[in-house]
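Notes for the one structure printed next.
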Amino acid sequence: MNSREIVLRARSLADLVNSDFITIDDEVSSLWESWKDIYSKITDSSDDYFISSIIIDTAGNTVQLGTNEWELILPNNIYKIRFVNYYNGRWISMDKFNTNQRNRVTFAPQYRWRGNKLWIIGNSLPGQIRIDYYPAPIKPSIPEADYNYCLSYPLYNRSGISNLSFTRTINSTQTEPTDYLFYIYNNDIFVESTLLQTKVTLYSAATAPTNLVYNLGYLYWIDAGNIYRAPTDFTSTLVPVAITATSDIISFTISNGEIYFTNAIETNKCTLTGTDTTQVYNYQTSNVYLIGLDVYYIDTDILYKNAISTGLSALSIYSDGVHLYRLDSAGVLYKDDEILRLSISTIGIGGDEFIPIINTSLNIKAISTLDNTEFDYPINEANEIMAYQSAIDYKRKQNADTTALIGRLTEIWDRFMDVLKRDEGLPERRISEAPRNFY
């Protein structure tokens with residue numbers, strides 16, 4: 001199950017399916033705390049499902065503490081150590097030494113974990129050490145529910161809606177971020193809010209505006225080959241001002257605090273006020289975005305990175321400066337290399353970890369771009385525990401009775417612990433910590 005499915009189950013158990021009383025922060029916190037409890041139980045049980053391995057060369061990664069003792073620097077993501085092995089013609093198990101052995105010289109190397117380093121004693125330091133370990137649990141992320149827009153339009157009219165641009169901001173009269181979707185319909189610029197349940201006409205143009213972009217309190221668009229912008233408070237009529245005068249601009253994007261715009265022969269960039277124009281490429285592009293030092297754009301429906309074709313289909317792209325969102329010719333929306341949604345016909349300009357889309361059924365939405373964490377641990381009771389623990393947390397926030405949920409959770413934990421040991425055919429023989437072969 002993924003994180004959203006578990007949260008929906010928890011809301012159902014708590015009878016809070018559509019309640020705004022439980023916030024996304026509540027959902028993430030409850031899921032994260034219950035997952036840490038489960039992960040700790042799994043790793044304490046010596047179940048090796050999550051085990052990882054790394055081989056470390058001791059040269060350059062150790063600090064000499066004294067005669068016959070060293071500290072080995074370990075990766076930061078080690079949560080618990082499972083096995084330690086050293087190489088001496090073959091891999092040999094390294095024992096953990098007892099604290100009363102710390103100042104004794106042992107022939108074979110031995111270890112203890114101290115801080116975030118491996119403390120090693122022995123007659124000599126091995127050249128390579130292999131650590132089998134449990135990595136730290138990854139905090140889950142939960143995509144928020146979709147915002148739905150343009151429900152007042154019949155389906156046969158929604159094909160005329162275009163140029164989507166989304167933002168969320170804290171409104172002075174709201175305690176939660178307010179959603180706003182800007183779009184163009186019949187030459188007019190509209191803004192809708194699902195939270196406020198409003199639709200406002202911001203601007204009526206004589207000609208069809210295109211390339212609508214919201215950025216830092218301003219709306220930008222193209223009219224008659226020039227870029228216009230106007231400040232917006234989401235309700236008042238826009239008063240646009242042209243910030244270019246070339247009358248030949250085809251498209252533009254805003255990335256890394258600058259405007260990248262193109263005409264039929266070249267691609268340029270300028271400031272957000274239209275000054276300091278410089279050439280970027282001596283040819284036409286579209287959808288220019290920067291991620292770090294890398295520059296992405298589209299040329300003839302192919303994605304380019306740093307002026308080199310990736311060979312990937314791209315009808316449209318958008319970037320928040322960290323991730324690249326790409327819509328291909330098959331209607332698949334990607335977040336970097338992972339599929340985010342299917343059956344998409346149009347994407348717009350996103351914001352606050354949302355991206356607006358029009359799907360092939362002409363539904364207009366802003367969808368969360370957060371990862372939907374997949375909990376693929378094979379014991380299903382783990383998912384049930386997270387759902388019930390989250391439901392209990394939700395009920396506690398309401399000061400409601402949790403007795404029935406707690407009783408059921410206890411039963412699931414018992415079943416989980418039984419199933420967790422299902423493959424233990426024989427007990428493990430534990431080696432004594434007392435020193436061996438010491439005279």
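Residue numbering restarts at 1 for every chain of the structure tokens, chains are lettered A, B, ... in their displayed order, and ligands are numbered from 1 as they appear.
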Determine which residues of range 58-253 of chain A DSSP labels as strand (DSSP E or B) from the backbone of this structure, then write them out as a short mmCIF file (atom, residue, chain, number, x, y, z; two decimals) with C-alpha atoms, in the first residue's frame.
```
data_model
loop_
_atom_site.label_atom_id
_atom_site.label_comp_id
_atom_site.auth_asym_id
_atom_site.auth_seq_id
_atom_site.Cartn_x
_atom_site.Cartn_y
_atom_site.Cartn_z
CA THR A 62 40.30 5.65 9.43
CA VAL A 63 41.80 7.62 12.28
CA GLN A 64 44.52 6.05 14.44
CA LEU A 65 43.45 6.28 18.08
CA GLY A 66 46.42 4.50 19.58
CA GLU A 69 43.09 0.72 17.66
CA TRP A 70 41.37 2.79 14.99
CA GLU A 71 38.13 4.58 14.17
CA LEU A 72 36.49 3.88 10.82
CA ILE A 73 34.28 6.58 9.29
CA ILE A 78 23.49 3.62 8.90
CA TYR A 79 20.69 3.06 11.40
CA LYS A 80 21.72 -0.29 12.91
CA ILE A 81 24.65 -2.59 12.18
CA ARG A 82 23.75 -6.19 11.30
CA PHE A 83 27.09 -7.78 10.40
CA VAL A 84 30.72 -6.65 10.17
CA ASN A 85 33.21 -8.58 8.03
CA TYR A 86 36.86 -8.00 7.12
CA TYR A 87 38.84 -9.21 4.11
CA TRP A 91 35.52 -12.42 3.96
CA ILE A 92 35.75 -13.26 7.66
CA SER A 93 33.22 -12.38 10.34
CA ASP A 95 33.30 -10.12 16.35
CA LYS A 96 32.10 -7.34 18.60
CA GLN A 110 37.16 -6.76 16.60
CA TYR A 111 34.78 -3.81 16.69
CA ARG A 112 32.31 -1.71 18.59
CA TRP A 113 30.05 1.03 17.23
CA ARG A 114 30.88 4.33 18.92
CA LYS A 117 32.13 5.52 13.74
CA LEU A 118 33.35 1.93 14.01
CA TRP A 119 35.89 1.46 16.82
CA ILE A 120 38.32 -1.32 15.83
CA ILE A 121 40.99 -3.08 17.86
CA GLN A 128 38.68 -3.67 3.55
CA ILE A 129 35.70 -3.91 5.85
CA ARG A 130 32.19 -4.88 4.72
CA ILE A 131 29.27 -3.52 6.74
CA ASP A 132 25.82 -5.11 6.44
CA TYR A 133 23.41 -2.66 7.98
CA TYR A 134 19.89 -1.38 8.22
CA PRO A 135 19.61 2.09 6.66
CA TYR A 147 -8.04 20.60 -6.28
CA ASN A 148 -10.86 20.54 -8.84
CA TYR A 149 -11.62 23.57 -11.00
CA SER A 162 -6.04 27.07 -21.52
CA ASN A 163 -2.86 28.56 -20.04
CA LEU A 164 -3.20 27.19 -16.52
CA SER A 165 -1.10 28.69 -13.73
CA PHE A 166 -1.43 27.67 -10.07
CA THR A 167 -0.34 29.10 -6.73
CA ARG A 168 -1.13 28.74 -3.04
CA THR A 169 -0.67 31.62 -0.65
CA ILE A 170 -1.69 32.62 2.86
CA PRO A 177 -3.06 28.43 2.37
CA THR A 178 -5.55 29.55 -0.26
CA ASP A 179 -5.44 27.89 -3.67
CA TYR A 180 -5.72 29.92 -6.89
CA LEU A 181 -5.88 28.70 -10.47
CA PHE A 182 -5.45 31.27 -13.24
CA TYR A 183 -6.58 30.44 -16.75
CA ILE A 184 -7.71 31.99 -20.04
CA TYR A 185 -11.16 31.44 -21.53
CA ASP A 188 -10.56 36.66 -20.60
CA ILE A 189 -8.26 35.93 -17.65
CA PHE A 190 -9.99 34.19 -14.74
CA VAL A 191 -8.94 33.05 -11.30
CA GLU A 192 -10.71 30.35 -9.28
CA SER A 193 -10.28 29.16 -5.69
CA THR A 198 -14.93 31.79 -6.01
CA LYS A 199 -14.45 32.58 -9.70
CA VAL A 200 -13.35 36.09 -10.68
CA THR A 201 -12.80 37.69 -14.09
CA LEU A 202 -9.53 39.58 -13.74
CA TYR A 203 -9.06 40.93 -17.26
CA SER A 204 -10.94 41.10 -20.56
CA THR A 210 -1.41 33.55 -24.27
CA ASN A 211 1.31 32.10 -22.06
CA LEU A 212 -0.22 33.05 -18.71
CA VAL A 213 2.27 32.79 -15.80
CA TYR A 214 1.85 33.74 -12.14
CA ASN A 215 5.07 34.68 -10.36
CA TYR A 218 2.36 39.32 -10.73
CA LEU A 219 0.60 37.82 -13.71
CA TYR A 220 2.57 37.73 -16.96
CA TRP A 221 1.26 36.96 -20.44
CA ILE A 222 1.83 37.61 -24.15
CA ASP A 223 -0.35 39.97 -26.16
CA ASN A 226 4.95 41.45 -26.29
CA ILE A 227 5.12 40.37 -22.65
CA TYR A 228 2.75 42.17 -20.29
CA ARG A 229 2.58 41.98 -16.54
CA ALA A 230 0.23 43.20 -13.82
CA PRO A 231 0.20 42.90 -10.03
CA VAL A 241 2.01 47.14 -18.52
CA ALA A 242 4.12 45.97 -21.48
CA SER A 251 6.58 32.11 -25.85
CA PHE A 252 8.34 32.62 -22.52
CA THR A 253 8.98 31.00 -19.15
#
```
Problem - Spatial neighbours of Asp371 in chain A, max dist 8 Å, only C-alpha atoms, sep filter under 3 positions, as number ranges by chain - result: A: 141-143
List every residue of range 284-408 of chain A that DSSP, applied to the backbone of this structure, assigns to helix (DSSP H, G or I), and report them as a compact mmCIF listing (two decimals) with C-alpha atoms, in the first residue's frame.
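Output below, filename part-v3.txt:
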```
# COMPACT_ATOMS: atom_id res chain seq x y z
CA GLU A 381 -0.04 -6.21 9.12
CA ALA A 382 2.50 -3.37 8.86
CA ASN A 383 0.06 -1.35 6.75
CA GLU A 384 -2.81 -2.15 9.11
CA ILE A 385 -0.79 -0.98 12.11
CA MET A 386 -0.05 2.36 10.45
CA ALA A 387 -3.70 2.84 9.51
CA TYR A 388 -5.02 2.03 12.99
CA GLN A 389 -2.35 4.05 14.81
CA SER A 390 -3.08 7.05 12.57
CA ALA A 391 -6.82 6.66 13.21
CA ILE A 392 -6.15 6.63 16.97
CA ASP A 393 -4.07 9.83 16.65
CA TYR A 394 -6.89 11.50 14.70
CA LYS A 395 -9.44 10.49 17.35
CA ARG A 396 -7.20 11.74 20.15
CA LYS A 397 -7.01 15.13 18.46
CA THR A 403 -10.89 2.19 23.10
CA ALA A 404 -12.13 0.04 20.21
CA LEU A 405 -9.33 1.14 17.90
CA ILE A 406 -6.66 0.50 20.54
CA GLY A 407 -8.04 -2.97 21.19
CA ARG A 408 -7.95 -3.84 17.51
```
Problem - Contacts of Asp418 in chain A at 12 Å (only C-alpha atoms; same-chain gap of 5+ positions) as a PyMOL selection string - result: chain A and resi 41-42+45+379+381+411-413+423-424
Practice task
Give the answer as one residue: which of A:Leu195, A:Val239, A:Ala108, A:Ile355 has the shortest atom-to-atom distance to Thr175 in chain A, using only C-alpha atoms?
Solution key: A:Leu195
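With only C-alpha atoms as the atoms that count, the minimum distance from Met417 in chain A to the choices A:Ser159, A:Leu13, A:Ile38, A:Ile56 is reached by A:Ile38.
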Practice task
Mind checking which residues fall within 12 Å of Leu155 in chain A, counting only C-alpha atoms, ignoring those fewer than 3 positions away in the same chain, and posting them as an NGL selection string?
Solution key: :A and (150-152 or 158-161 or 358-364)
Practice task
Using CA of Glu338 in chain A and CA of Asp48 in chain A as the two end points, give the distance in Å to one decimal.
Solution key: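 So the answer is 27.3 Å.
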